[in-house]
>>> print(open('coords-v9.cif').read())   # mmCIF, C-alpha atoms
data_target
loop_
_atom_site.label_atom_id
_atom_site.label_comp_id
_atom_site.auth_asym_id
_atom_site.auth_seq_id
_atom_site.Cartn_x
_atom_site.Cartn_y
_atom_site.Cartn_z
CA MET A 1 -21.20 70.23 21.73
CA LYS A 2 -21.54 73.05 19.22
CA PRO A 3 -23.06 76.20 20.77
CA ALA A 4 -26.35 77.32 19.26
CA ILE A 5 -25.16 80.93 19.31
CA PRO A 6 -21.72 82.59 19.07
CA ILE A 7 -19.85 82.49 22.37
CA TYR A 8 -16.83 84.71 22.82
CA ILE A 9 -13.86 84.75 25.15
CA THR A 10 -13.76 88.51 25.62
CA ALA A 11 -10.92 88.66 28.16
CA ALA A 12 -8.43 86.44 29.97
CA SER A 13 -5.90 86.97 32.74
CA GLN A 14 -3.21 84.71 34.21
CA ILE A 15 -0.83 84.31 37.12
CA SER A 16 1.56 81.42 36.62
CA ILE A 17 5.24 80.47 36.68
CA GLN A 18 5.62 82.90 33.77
CA GLU A 19 5.43 86.69 34.21
CA PRO A 20 1.98 87.48 35.64
CA LEU A 21 -0.82 89.54 34.11
CA CYS A 22 0.97 89.98 30.80
CA ASP A 23 2.01 88.13 27.65
CA LYS A 24 5.77 88.42 27.99
CA TRP A 25 5.86 84.61 27.73
CA MET A 26 4.97 84.93 24.05
CA SER A 27 8.27 86.63 23.25
CA GLU A 28 10.57 86.10 26.26
CA PRO A 29 9.37 83.07 28.20
CA ARG A 30 11.12 81.52 31.18
CA ILE A 31 12.49 78.29 29.69
CA GLY A 32 14.05 75.18 31.18
CA LEU A 33 12.11 75.15 34.46
CA SER A 34 11.93 71.82 36.26
CA GLY A 35 10.99 70.36 39.61
CA TYR A 36 9.04 72.47 42.10
CA ASN A 37 8.17 76.02 41.05
CA GLU A 38 5.93 78.68 42.56
CA ALA A 39 3.96 81.21 40.58
CA ILE A 40 5.34 84.73 40.15
CA ASP A 41 2.98 86.96 42.11
CA PRO A 42 2.20 90.59 41.34
CA ALA A 43 2.18 93.24 44.08
CA PHE A 44 -1.11 92.35 45.75
CA LYS A 45 -1.26 95.71 47.54
CA GLU A 46 -2.42 97.23 44.26
CA TRP A 47 -5.67 95.27 44.52
CA MET A 48 -6.26 94.87 48.25
CA SER A 49 -5.36 96.40 51.59
CA PRO A 50 -2.61 94.86 53.77
CA GLY A 51 -5.29 93.67 56.20
CA GLU A 52 -7.19 91.84 53.48
CA ALA A 53 -3.99 90.36 52.10
CA ARG A 54 -3.02 88.96 55.51
CA ARG A 55 -6.35 87.17 55.86
CA LEU A 56 -6.19 85.51 52.45
CA GLY A 57 -3.99 82.68 51.23
CA LYS A 58 -2.06 83.11 48.00
CA ILE A 59 -4.50 81.11 45.92
CA MET A 60 -7.32 83.41 47.07
CA LYS A 61 -5.33 86.56 46.35
CA ARG A 62 -4.40 85.30 42.90
CA ALA A 63 -8.04 84.48 42.14
CA VAL A 64 -9.13 87.96 43.20
CA VAL A 65 -6.48 89.64 41.04
CA THR A 66 -7.06 87.61 37.86
CA SER A 67 -10.84 87.91 38.21
CA THR A 68 -10.64 91.66 38.77
CA GLU A 69 -8.33 92.19 35.80
CA CYS A 70 -10.44 89.95 33.58
CA MET A 71 -13.64 91.81 34.46
CA LYS A 72 -11.92 95.14 33.87
CA ALA A 73 -10.61 94.08 30.45
CA SER A 74 -13.99 92.72 29.37
CA GLY A 75 -16.02 95.66 30.65
CA VAL A 76 -18.34 93.30 32.55
CA THR A 77 -18.87 94.53 36.10
CA MET A 78 -21.39 91.88 37.16
CA PRO A 79 -21.16 88.44 35.51
CA ASP A 80 -24.32 86.34 35.43
CA ALA A 81 -22.39 83.30 36.67
CA ILE A 82 -19.14 82.51 38.44
CA ILE A 83 -17.84 79.04 37.60
CA THR A 84 -14.63 77.84 39.22
CA ALA A 85 -12.36 74.89 38.50
CA THR A 86 -9.80 73.56 40.96
CA GLY A 87 -8.09 70.24 41.43
CA LEU A 88 -6.72 70.67 44.96
CA GLY A 89 -8.57 73.74 46.23
CA CYS A 90 -6.90 75.73 49.00
CA VAL A 91 -4.44 72.95 49.72
CA LYS A 92 -2.00 75.16 51.64
CA ASN A 93 -4.61 76.16 54.21
CA THR A 94 -5.78 72.56 54.39
CA GLU A 95 -2.22 71.46 55.08
CA LEU A 96 -1.69 74.16 57.74
CA PHE A 97 -4.95 73.29 59.48
CA LEU A 98 -4.20 69.55 59.55
CA THR A 99 -0.65 70.18 60.75
CA ASP A 100 -1.94 72.28 63.65
CA LEU A 101 -4.54 69.62 64.39
CA CYS A 102 -1.78 67.00 64.66
CA THR A 103 0.54 69.13 66.78
CA GLN A 104 -1.97 70.98 68.98
CA GLY A 105 -4.88 68.58 69.15
CA GLU A 106 -8.29 70.21 69.03
CA SER A 107 -7.30 73.40 70.85
CA LEU A 108 -6.00 76.77 69.67
CA LEU A 109 -6.82 76.00 66.02
CA LYS A 110 -7.04 78.96 63.65
CA PRO A 111 -10.61 79.23 62.30
CA THR A 112 -9.48 81.19 59.20
CA GLN A 113 -7.41 78.25 57.95
CA PHE A 114 -10.40 75.95 58.29
CA MET A 115 -12.82 78.41 56.68
CA GLN A 116 -10.49 78.91 53.71
CA SER A 117 -9.57 75.27 53.21
CA THR A 118 -12.53 74.13 51.11
CA HIS A 119 -12.63 74.02 47.32
CA ASN A 120 -15.63 76.34 46.91
CA THR A 121 -14.08 79.12 49.01
CA ILE A 122 -12.49 80.62 45.88
CA GLY A 123 -15.67 81.17 43.89
CA SER A 124 -17.52 82.30 47.01
CA LEU A 125 -14.95 84.99 47.77
CA ILE A 126 -15.12 86.40 44.24
CA ALA A 127 -18.92 86.52 44.47
CA ILE A 128 -18.85 88.25 47.88
CA LEU A 129 -16.36 90.89 46.78
CA ASN A 130 -18.36 91.69 43.64
CA LYS A 131 -21.79 91.29 45.28
CA CYS A 132 -22.69 88.74 42.65
CA HIS A 133 -25.73 86.66 43.67
CA GLY A 134 -26.02 84.63 40.47
CA TYR A 135 -25.14 81.05 39.63
CA ASN A 136 -22.00 79.96 41.47
CA VAL A 137 -20.51 76.49 41.29
CA THR A 138 -17.10 74.86 41.71
CA TYR A 139 -15.85 71.82 39.82
CA ALA A 140 -13.18 69.62 41.36
CA GLN A 141 -12.83 66.93 38.70
CA GLY A 142 -9.09 66.35 38.86
CA ASP A 143 -7.26 67.05 35.61
CA MET A 144 -10.61 67.64 33.85
CA SER A 145 -11.78 70.37 36.23
CA THR A 146 -11.23 73.24 33.78
CA ASP A 147 -12.83 71.45 30.86
CA VAL A 148 -15.99 70.51 32.80
CA ALA A 149 -16.34 74.04 34.19
CA LEU A 150 -16.03 75.48 30.68
CA LEU A 151 -18.56 72.97 29.34
CA ASP A 152 -21.05 74.10 32.00
CA ALA A 153 -20.53 77.76 31.08
CA VAL A 154 -20.86 77.15 27.33
CA THR A 155 -24.00 75.05 27.84
CA GLN A 156 -25.76 77.72 29.89
CA LEU A 157 -24.71 80.51 27.52
CA SER A 158 -25.92 78.48 24.54
CA LEU A 159 -29.29 77.82 26.19
CA GLY A 160 -29.73 81.52 26.94
CA ASP A 161 -29.86 81.02 30.71
CA ILE A 162 -27.00 83.52 31.14
CA SER A 163 -25.24 86.04 28.90
CA THR A 164 -21.88 86.31 30.71
CA ALA A 165 -19.82 83.88 32.79
CA LEU A 166 -16.61 84.40 34.72
CA VAL A 167 -14.78 81.07 34.47
CA GLY A 168 -11.69 80.60 36.64
CA ALA A 169 -9.15 77.84 37.19
CA HIS A 170 -7.04 77.99 40.33
CA ASP A 171 -4.52 75.66 41.97
CA GLU A 172 -1.53 76.05 44.26
CA MET A 173 1.26 73.70 45.35
CA THR A 174 3.21 73.21 48.56
CA PRO A 175 6.59 71.52 49.01
CA ASN A 176 5.02 68.78 51.15
CA TYR A 177 2.27 68.02 48.67
CA TYR A 178 4.73 68.14 45.80
CA THR A 179 6.76 65.45 47.58
CA LEU A 180 3.68 63.26 47.92
CA LEU A 181 2.73 63.69 44.26
CA LYS A 182 6.32 63.00 43.26
CA ARG A 183 6.23 59.69 45.14
CA SER A 184 3.02 58.78 43.32
CA GLY A 185 4.62 59.51 39.93
CA TYR A 186 2.51 62.56 39.13
CA TYR A 187 5.68 64.68 39.20
CA GLY A 188 9.38 64.01 39.16
CA VAL A 189 9.71 61.71 36.16
CA GLU A 190 12.93 62.36 34.23
CA SER A 191 12.41 64.79 31.30
CA MET A 192 9.04 65.86 32.72
CA VAL A 193 8.02 69.52 32.87
CA SER A 194 8.01 71.42 36.16
CA SER A 195 5.17 71.67 38.63
CA ALA A 196 2.82 74.60 38.20
CA GLU A 197 0.64 76.97 40.13
CA VAL A 198 -2.37 78.22 38.21
CA ALA A 199 -4.62 81.26 38.42
CA VAL A 200 -6.49 81.91 35.18
CA SER A 201 -9.75 83.79 34.64
CA PHE A 202 -11.82 83.99 31.46
CA MET A 203 -14.85 86.09 30.63
CA LEU A 204 -17.27 84.27 28.35
CA SER A 205 -20.07 86.22 26.73
CA THR A 206 -22.72 86.03 24.04
CA GLN A 207 -21.68 89.57 23.03
CA HIS A 208 -18.28 90.11 21.41
CA GLY A 209 -17.48 93.37 23.19
CA LYS A 210 -14.72 95.72 22.07
CA HIS A 211 -11.70 93.43 21.82
CA PRO A 212 -12.72 89.74 21.84
CA LEU A 213 -9.94 87.18 21.84
CA CYS A 214 -11.75 84.35 20.02
CA THR A 215 -14.96 82.36 19.75
CA ILE A 216 -15.61 78.93 21.21
CA ASP A 217 -16.88 76.93 18.26
CA SER A 218 -17.18 73.57 19.99
CA ILE A 219 -16.40 71.78 23.24
CA SER A 220 -16.63 68.09 24.05
CA VAL A 221 -15.55 65.92 26.97
CA LEU A 222 -15.38 62.18 26.23
CA HIS A 223 -15.17 59.39 28.80
CA LYS A 224 -13.18 56.32 27.77
CA PRO A 225 -13.05 57.46 24.13
CA THR A 226 -12.61 55.05 21.24
CA VAL A 227 -11.17 55.85 17.83
CA GLU A 228 -14.69 55.90 16.46
CA SER A 229 -16.05 58.25 19.16
CA ILE A 230 -13.11 60.63 18.70
CA ARG A 231 -13.63 60.79 14.95
CA THR A 232 -17.39 61.22 15.35
CA CYS A 233 -16.81 64.05 17.82
CA THR A 234 -14.20 65.89 15.80
CA GLU A 235 -15.35 65.38 12.22
CA LYS A 236 -17.75 68.32 12.65
CA PHE A 237 -14.92 70.70 13.55
CA GLY A 238 -14.09 71.56 9.96
CA GLN A 239 -10.78 73.26 9.16
CA ILE A 240 -8.16 73.11 11.93
CA ASP A 241 -5.10 75.30 11.39
CA CYS A 242 -3.28 74.29 14.55
CA ILE A 243 -3.47 71.91 17.53
CA ILE A 244 -2.27 72.68 21.05
CA ALA A 245 -2.00 69.73 23.45
CA GLY A 246 -0.89 69.08 27.01
CA TYR A 247 2.36 67.22 26.46
CA ASN A 248 4.26 67.05 29.76
CA GLY A 249 7.37 64.98 28.99
CA LYS A 250 6.18 61.63 30.36
CA CYS A 251 6.49 59.07 27.56
CA ASP A 252 3.33 57.10 28.34
CA TYR A 253 1.36 60.33 28.82
CA ASP A 254 2.60 62.02 25.64
CA SER A 255 1.99 58.91 23.56
CA LYS A 256 -1.74 59.28 24.28
CA TYR A 257 -1.70 62.69 22.62
CA ASP A 258 0.24 61.35 19.65
CA ASP A 259 -2.33 58.58 19.25
CA ILE A 260 -5.32 60.94 19.52
CA ILE A 261 -3.86 63.48 17.09
CA SER A 262 -3.01 60.77 14.56
CA HIS A 263 -6.73 60.07 14.20
CA LEU A 264 -7.66 63.72 13.68
CA THR A 265 -5.48 65.33 11.04
CA ASP A 266 -2.66 64.69 8.63
CA ASP A 267 1.02 65.06 9.52
CA ASP A 268 1.20 68.61 8.12
CA THR A 269 -0.99 70.17 10.82
CA PRO A 270 1.20 72.09 13.29
CA VAL A 271 1.13 70.75 16.85
CA LEU A 272 1.97 73.03 19.77
CA GLN A 273 2.74 72.35 23.42
CA TYR A 274 2.40 74.68 26.42
CA LYS A 275 3.30 72.77 29.59
CA ASN A 276 7.00 73.16 28.79
CA LEU A 277 6.40 76.85 29.57
CA PHE A 278 3.60 76.76 32.16
CA GLY A 279 4.19 73.44 33.92
CA GLU A 280 1.88 70.64 35.02
CA SER A 281 -1.00 70.79 37.48
CA MET A 282 -4.59 69.61 37.71
CA THR A 283 -5.84 72.82 36.08
CA ALA A 284 -2.94 73.31 33.66
CA SER A 285 -5.34 72.90 30.74
CA ALA A 286 -6.66 76.39 31.60
CA LEU A 287 -3.23 77.75 30.69
CA GLY A 288 -3.42 75.82 27.42
CA LEU A 289 -6.74 77.49 26.68
CA TYR A 290 -5.29 80.83 27.71
CA ALA A 291 -2.26 80.35 25.45
CA ALA A 292 -4.49 79.30 22.55
CA SER A 293 -6.74 82.35 22.93
CA ARG A 294 -3.72 84.67 22.88
CA ILE A 295 -2.11 82.90 19.93
CA ILE A 296 -5.24 83.05 17.81
CA SER A 297 -5.81 86.73 18.59
CA THR A 298 -2.21 87.79 17.88
CA ASP A 299 -0.91 85.17 15.39
CA LYS A 300 2.24 84.94 17.55
CA ILE A 301 3.88 81.66 18.60
CA HIS A 302 7.15 81.26 20.45
CA ASP A 303 9.47 78.72 18.83
CA SER A 304 9.68 76.64 22.03
CA MET A 305 5.97 75.82 21.73
CA LEU A 306 6.25 74.16 18.34
CA ARG A 307 6.30 70.38 18.76
CA SER A 308 5.82 69.25 15.16
CA GLY A 309 5.06 70.70 11.75
CA ARG A 310 5.79 74.20 10.50
CA LYS A 311 4.98 77.27 12.52
CA PRO A 312 1.80 78.71 10.96
CA SER A 313 1.82 82.36 9.97
CA ASN A 314 -1.95 82.88 9.98
CA ILE A 315 -4.14 81.02 12.44
CA ASN A 316 -7.91 81.09 12.06
CA SER A 317 -8.68 78.07 14.25
CA ILE A 318 -7.01 76.11 17.06
CA LEU A 319 -8.02 72.79 18.59
CA VAL A 320 -7.13 72.51 22.28
CA ILE A 321 -6.77 68.92 23.50
CA ASN A 322 -6.54 67.76 27.11
CA SER A 323 -6.15 64.09 28.02
CA SER A 324 -6.44 62.68 31.52
CA GLY A 325 -6.68 59.00 32.36
CA ASN A 326 -10.01 57.84 30.94
CA ASP A 327 -11.11 61.26 29.69
CA VAL A 328 -10.22 63.55 26.81
CA SER A 329 -11.55 66.99 25.90
CA PHE A 330 -11.61 68.94 22.64
CA ILE A 331 -12.14 72.71 22.50
CA LYS A 332 -12.13 74.44 19.14
CA LEU A 333 -11.41 78.17 19.06
CA SER A 334 -11.76 80.42 16.04
CA LYS A 335 -10.68 83.93 15.18
CA VAL A 336 -13.34 86.62 15.54
CA SER A 337 -14.54 88.34 12.38
CA LEU A 338 -16.20 91.62 13.27
#
>>> encode(input="coords-v9.cif", output="structure tokens")
Amino acid sequence: MKPAIPIYITAASQISIQEPLCDKWMSEPRIGLSGYNEAIDPAFKEWMSPGEARRLGKIMKRAVVTSTECMKASGVTMPDAIITATGLGCVKNTELFLTDLCTQGESLLKPTQFMQSTHNTIGSLIAILNKCHGYNVTYAQGDMSTDVALLDAVTQLSLGDISTALVGAHDEMTPNYYTLLKRSGYYGVESMVSSAEVAVSFMLSTQHGKHPLCTIDSISVLHKPTVESIRTCTEKFGQIDCIIAGYNGKCDYDSKYDDIISHLTDDDTPVLQYKNLFGESMTASALGLYAASRIISTDKIHDSMLRSGRKPSNINSILVINSSGNDVSFIKLSKVSL
């Protein structure tokens, strides 16, 4: 889908296994992480009272902080829509509630854990805190959650139904759930990147604002793509200076990206990776989009991100690719010319 009007990412904020709320990862990233890793949290007391912090799980606090910082940076105090992506939702509260249910039966259960255990709690909390009564929806589409949420936002902005959208992607991990996912093969494969916790917020707008990061030129999500459908989808992209893809170290998984990219460009196009820095999770593609938006706005790339080709010195366009099972998404970003 190519938007009918220019759509800008005017601000973005992240909390991850890299330094939070900053771009230190672009020059001094934490490298060589593996296994189970938790996000590095900021001092939440700067954004909420101790009482509020005690009532909220970490995923909720991270969502509040990244959303607040994103809105502040964009200058938008009341977005027309809040669109949230999450693969697991508030899994820690879900786990705590179910554990208490098993050990205590149906008595003395904590209502807060139950109330904050659903996927749509995150977007609802942001709306309540900001008194935002507009469009509010949560997408829980596994590894494609971020991409589908972004597609919804871009579609509504393009149609003129809204002019601003706060799009967030949030996931947390627990040691118990990590163990289960490791047994299933989602994590733990030799040479694979670490696990990740994700809290990323983007402000999308039809107005470029003061300091826009980039424009979204096109976004497509394909189900069971063929070589022909991939070429048909991407042939309208035009010039692509750089590709950033979700390589995670699993041979069978990475080979899918190699195959997709081979049908798109020649061997000279630089290919970047980001999960070696930010880890793997169901909403890790949000960190890929975040990294791409920062790279295109600053023309800075850390050497560890370069997977193949020469590091480009001037980047006017980036193609972000996310592959998951039967689905693949393509998001083309371009530099803003004001």
>>> closest_residue(input="coords-v9.cif", among="A:Ala286, A:Ile331, A:Leu319, A:Val193", to="Leu33 in chain A", atoms="only C-alpha atoms")
A:Val193
>>> residues_around(input="coords-v9.cif", residues="Pro20 in chain A", least_positions_apart="4", cutoff="7 Å", atoms="only C-alpha atoms", output="short mmCIF file (atom, residue, chain, number, x, y, z; two decimals) with C-alpha atoms, in the coordinates of the input")
data_model
loop_
_atom_site.label_atom_id
_atom_site.label_comp_id
_atom_site.auth_asym_id
_atom_site.auth_seq_id
_atom_site.Cartn_x
_atom_site.Cartn_y
_atom_site.Cartn_z
CA GLN A 14 -3.21 84.71 34.21
CA ILE A 15 -0.83 84.31 37.12
CA SER A 16 1.56 81.42 36.62
CA ILE A 40 5.34 84.73 40.15
CA ASP A 41 2.98 86.96 42.11
CA PRO A 42 2.20 90.59 41.34
#
>>> residues_around(input="coords-v9.cif", residues="range 85-92 of chain A", least_positions_apart="3", cutoff="7 Å", atoms="all atoms listed in the file", output="number ranges by chain")
A: 59, 95-96, 116-119, 138-143, 145-146, 149, 168-172, 174, 282-283
>>> resolve_selection(input="coords-v9.cif", expression="the PyMOL selection byres ((chain A and resi 267) around 12)", output="number ranges by chain")
A: 242-243, 258, 261-266, 268-271, 307-310
>>> residues_around(input="coords-v9.cif", residues="Lys335 in chain A", least_positions_apart="4", cutoff="12 Å", atoms="only C-alpha atoms", output="PyMOL selection string")
chain A and resi 6-10+208+211-217+240-241+292-299+314-319
>>> atom_distance(input="coords-v9.cif", atom1="CA of Asn326 in chain A", atom2="CA of Ser34 in chain A")
26.6 Å
>>> atom_distance(input="coords-v9.cif", atom1="CA of Ser218 in chain A", atom2="CA of Asp23 in chain A")
25.3 Å
>>> resolve_selection(input="coords-v9.cif", expression="the PyMOL selection byres ((chain A and resi 203) around 8)", output="ChimeraX atom specification")
/A:9-12,70-71,74,164-167,201-202,204-205
>>> closest_residue(input="coords-v9.cif", among="A:Gly32, A:Ala199, A:Gly209, A:Ile17", to="Glu69 in chain A", atoms="all atoms listed in the file")
A:Ala199
>>> resolve_selection(input="coords-v9.cif", expression="the PyMOL selection byres ((chain A and resi 260) around 12)", output="NGL selection string")
:A and (225-231 or 234 or 243 or 245-246 or 253-259 or 261-266 or 321-323 or 327-330)
>>> closest_residue(input="coords-v9.cif", among="A:Thr77, A:Ile244, A:Tyr187, A:Gly105", to="Asn130 in chain A", atoms="only C-alpha atoms")
A:Thr77
>>> atom_distance(input="coords-v9.cif", atom1="CA of Ile83 in chain A", atom2="CA of Gln156 in chain A")
11.1 Å
>>> closest_residue(input="coords-v9.cif", among="A:Cys22, A:Leu333, A:Tyr186, A:Pro29", to="Met305 in chain A", atoms="all atoms listed in the file")
A:Pro29
>>> closest_residue(input="coords-v9.cif", among="A:Lys2, A:Lys300, A:Lys236, A:Lys275", to="Leu151 in chain A", atoms="only C-alpha atoms")
A:Lys2
>>> closest_residue(input="coords-v9.cif", among="A:Leu181, A:Lys24, A:Lys332, A:Val65", to="Ala43 in chain A", atoms="all atoms listed in the file")
A:Val65
